[in-house]
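Participant: Mind having a look at this structure? Questions to follow.
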Amino acid sequence: MSSTAAASLSASVGRYRWVICGLLFFATTINYIDRNALSVLKTTLQADLGWTDVDYGWITFAFTVAYAAFPSITGRVIDRWGVKKSLAAALILWSAMAAAHGLVGTVLGFVLVRFFLGVAEAANFPASIKAVAMWFPQKERAFATGLFNSGTNIGVVMSFVTVWLATTFGWQWSFVAIGAIGMVWLIFWQRAFFAPEDHPKVTQAELEYIRSDQPPPQESLRIHWTQLLRYRQIWPFLLGKLITDPVWWFFLFWLPSYLERERGQNPLRSASLLALIYTGATVGSVAGGWLSGHLIKRGWAVGKARLTTMFIAAVCMPGSIIAYYTDSFVVSVAFITLATACHQAWSANLFTSATDMFPQKVSGSVVGLGATTGGVGGMFMTLLTALAVQWTGNQQIVFIVAGLMHPFSLLLFFLFLRGRFDHVDIALAVDMNRVHQPLMISGAIVTVLGAALVALIANNWELCVSAATLSGAVTAATAAGGVVLIGLTLAYAGLPKNNAVGVRA
């Protein structure tokens, strides 16, 4: 279909798909309000419950491990159960766990509810990306992803609501109240979300528009999960998540301390600046998604449009290095805002690349695997930042790393894909009956690297504990063990799987 015909069709069809995007936006906003409630009430909880920083570290560790480990599992569940049931079940669980924070009073109780909160919230992005693939044509997916992904920034900015509730009604009721918000969302979700083909409010014209640039569905095909790792198209996505997600984790968790300790801002001033920075990130998320979709509508190839947008975002990311070294505080905040905006623009297109290349049948699994690699990378970034502050007294090294990761990831996209986003036809499966040598070799290398990291952490245990507290050191050791597990998984995926593919339901 020509770009002119597509534009004409777009103008004449309904817009119910944007209702779905709005629901995903609110789910993501609720997700981030729930997860950030603990951090914004940390001081209050430490005073009331007598927590130490070590106690708090264990509580955050429980969430981090669950959120890193479970997306690859929940992605498979989403592909099997479908988006509607999976996201509803996940939101019920994470809302219940958010409310349960107000019902527990011990460190162990908070560890348990934070762990299950991480398990449930791990489903949000795999489910949302799959929903976008179901409801939007390829040319609109990045924009829709950018819109709902902006809920992450709004969720951070809206954290003041949690503080107001705690101040007005007590911290216990603030947790219960924010947990209850999800139940309101669930009512609308159950009534509004169906497959486009089955939805009474979707006109035939809108359905044709949604399906106008999508390949035929491959819903009847079942595959062994290790098959996904044999497609080269998945690797720039997985590696991109591994090395760029940690940059967002760094900004999310360490910007407040940077603004207060190294830029001399008081907590109130720091909070207002964070609101400004994350508002900029919201603009970047939406603009990045819009730009690639706009280029596709103008006739650009999908790969060229996505990579052009990612290139613009990546070349601006070194601005975070300028942000650290400039003497001007205004310039510093401006470049940090630019970096967060560019990361979100990058993220909207990175997420969408998974559905550009893989069919809906496996999109939950693909995004889930990516979220797991991003979580592992984030755990290492947490330790790197703590060690940098311990050794140098500042975050200089981490700002430099944050400025370089996106250009490096973009290079991987060109090396693996050479600018083309070829759609994977799962029906024409790779031969799983043979050993996959690249996976076996890379698995061996990653396993050795992970074992070396475990040994390094073990041999420098006291240093790690002094730099990042006991819980931080355990986080690092867990992440290193995760690298070993990833290596073994890659090696396992490279082994022959007789009769593992091409099985139709």
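The chains in the structure tokens are called A, B, ... from first to last as shown; in each chain the residues are counted from 1, and the ligands are counted from 1 in the order shown.
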Mind listing the helix (DSSP H, G or I) residues of stretch 299-468 of chain A, per DSSP on the backbone, as a PyMOL selection string?
Facilitator: chain A and resi 302-316+319-325+329-357+360-392+396-417+437-459+461-468
Participant: Give me the residues near A:Val302 as a list in words, where near means some atom within 9 Å (using only C-alpha atoms) and where sequence neighbours in that chain fewer than 2 positions away do not count.
Facilitator: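 With the cut-off at 9 Å, the set is Gln138, Lys139, Ser292, Gly293, Leu295, Ile296, Gly299, Trp300, Lys304, Ala305, Arg306, Leu307, Asp356, Arg420 and Phe421 of chain A.
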Participant: Go ahead and write the residues just picked, N, CA and C atoms, as a CSV table (one decimal), in the first residue's frame.
Facilitator:
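Listing of part.csv after writing:
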chain,number,residue,atom,x,y,z
A,138,GLN,N,2.5,-1.6,11.6
A,138,GLN,CA,3.9,-1.4,11.9
A,138,GLN,C,4.3,0.1,11.9
A,139,LYS,N,3.7,0.9,11.1
A,139,LYS,CA,4.1,2.3,11.0
A,139,LYS,C,3.7,3.1,12.2
A,292,SER,N,10.0,7.7,13.9
A,292,SER,CA,10.2,6.5,13.0
A,292,SER,C,8.9,6.2,12.3
A,293,GLY,N,7.8,6.3,13.0
A,293,GLY,CA,6.5,6.0,12.3
A,293,GLY,C,6.3,7.0,11.2
A,295,LEU,N,8.5,8.5,9.3
A,295,LEU,CA,9.4,8.2,8.2
A,295,LEU,C,8.9,7.0,7.4
A,296,ILE,N,8.3,6.0,8.2
A,296,ILE,CA,7.7,4.8,7.5
A,296,ILE,C,6.5,5.3,6.6
A,299,GLY,N,7.3,6.5,3.3
A,299,GLY,CA,7.9,5.5,2.3
A,299,GLY,C,9.2,4.9,2.7
A,300,TRP,N,9.8,5.3,3.8
A,300,TRP,CA,11.0,4.7,4.2
A,300,TRP,C,10.9,3.2,4.6
A,304,LYS,N,15.4,1.2,8.1
A,304,LYS,CA,16.0,2.5,7.9
A,304,LYS,C,15.4,3.5,8.8
A,305,ALA,N,14.1,3.5,8.9
A,305,ALA,CA,13.4,4.5,9.7
A,305,ALA,C,13.7,4.3,11.2
A,306,ARG,N,13.7,3.0,11.7
A,306,ARG,CA,14.0,2.8,13.1
A,306,ARG,C,15.4,3.1,13.4
A,307,LEU,N,16.4,2.7,12.6
A,307,LEU,CA,17.8,2.9,12.8
A,307,LEU,C,18.1,4.4,12.7
A,356,ASP,N,8.9,-5.8,15.0
A,356,ASP,CA,9.2,-5.6,13.6
A,356,ASP,C,9.7,-6.9,13.0
A,420,ARG,N,18.8,-3.8,7.9
A,420,ARG,CA,17.5,-4.4,7.4
A,420,ARG,C,16.8,-5.2,8.6
A,421,PHE,N,15.5,-4.9,8.7
A,421,PHE,CA,14.7,-5.6,9.7
A,421,PHE,C,13.9,-6.6,9.0
Participant: Report as a PyMOL selection string all protein, DNA and RNA residues lying within 9 Å of stretch 160-174 of chain A, evaluated on only C-alpha atoms, omitting residues in the same chain fewer than 5 positions from it.
Facilitator: chain A and resi 33+36-37+40-41+44-45+99-104+179
Participant: Please identify all polymer residues within 9 Å of stretch 454-456 of chain A, counting only C-alpha atoms, omitting same-chain residues fewer than 6 positions from it, and present them as a list in words.
Facilitator: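 Non-adjacent residues within range: Ala476, Ala477, Thr478, Ala479, Ala480, Gly481 and Val484 of chain A.
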Participant: Using the selection just defined, write its residues with C-alpha atoms as a compact mmCIF listing (two decimals), in the first residue's frame.
Facilitator:
# COMPACT_ATOMS: atom_id res chain seq x y z
CA ALA A 476 26.60 -8.34 42.37
CA ALA A 477 27.27 -11.99 43.19
CA THR A 478 23.75 -12.89 42.07
CA ALA A 479 24.22 -11.01 38.82
CA ALA A 480 27.53 -12.79 38.24
CA GLY A 481 25.82 -16.10 38.91
CA VAL A 484 26.96 -18.13 34.41
Participant: To one decimal in Å, tell me the separation between atom CA of A:Ala122 and atom CA of A:Ile210.
Facilitator: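 Atom CA of A:Ile210 lies at a distance of 27.1 Å from atom CA of A:Ala122.
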Participant: At what distance in Å, to one decimal, does atom CA of A:Gly319 lie from atom CA of A:Ala334?
Facilitator: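 It comes out at 9.2 Å.
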Participant: Ranking A:Leu417, A:Leu239, A:Leu87, A:Leu412 by minimum distance to A:Gly303 and counting only C-alpha atoms, which one comes first?
Facilitator: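 Counting only C-alpha atoms, the residue closest to A:Gly303 is A:Leu417.
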Participant: For atom CA of A:Thr145 and atom CA of A:Ser285, quote the distance in Å rounded to one decimal.
Facilitator: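 Here the two named atoms are 8.2 Å from each other.
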Participant: Residues at most 7 Å from stretch 433-439 of chain A, counting only C-alpha atoms, excluding those fewer than 2 positions away in the same chain, as a list in words?
Facilitator: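 Everything that qualifies: Asp431, Ile441, Ser442, Gly443, Leu490, Ala491, Ala493, Gly494, Leu495, Pro496, Lys497 and Asn498 of chain A.
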Participant: Find the spatial neighbours of A:Asp422, counting only C-alpha atoms, within a cut-off of 12 Å - ignore same-chain residues fewer than 6 positions away - and output them as a list in words.
Facilitator: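 Selected residues are Pro215, Tyr231, Arg232, Gln233, Ile234, Ala301, Val302, Gly303, Lys304, Ser353, Ala354, Thr355, Asp356, Met357, Phe358, Pro359 and Phe416 of chain A.
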Participant: Please, could you write that set of residues out with C-alpha atoms as a compact mmCIF listing (two decimals), in the first residue's frame?
Facilitator:
# COMPACT_ATOMS: atom_id res chain seq x y z
CA PRO A 215 2.46 -10.49 7.71
CA TYR A 231 17.79 -16.34 14.87
CA ARG A 232 20.34 -13.59 14.37
CA GLN A 233 17.56 -10.96 14.47
CA ILE A 234 17.08 -11.46 18.21
CA ALA A 301 11.92 1.05 4.85
CA VAL A 302 11.18 -0.05 8.41
CA GLY A 303 14.81 -0.81 9.28
CA LYS A 304 16.04 2.49 7.88
CA SER A 353 12.19 -3.71 16.73
CA ALA A 354 11.23 -6.97 18.44
CA THR A 355 7.76 -6.90 16.87
CA ASP A 356 9.16 -5.63 13.57
CA MET A 357 11.13 -8.83 13.19
CA PHE A 358 9.22 -11.47 15.16
CA PRO A 359 5.55 -12.53 14.81
CA PHE A 416 24.04 -8.03 12.93
Participant: What's the 10 Å shell around A:Ile181, counting only C-alpha atoms, without same-chain residues fewer than 5 positions away, as a VMD selection string?
Facilitator: chain A and resid 27 30 34 95 99 176 186
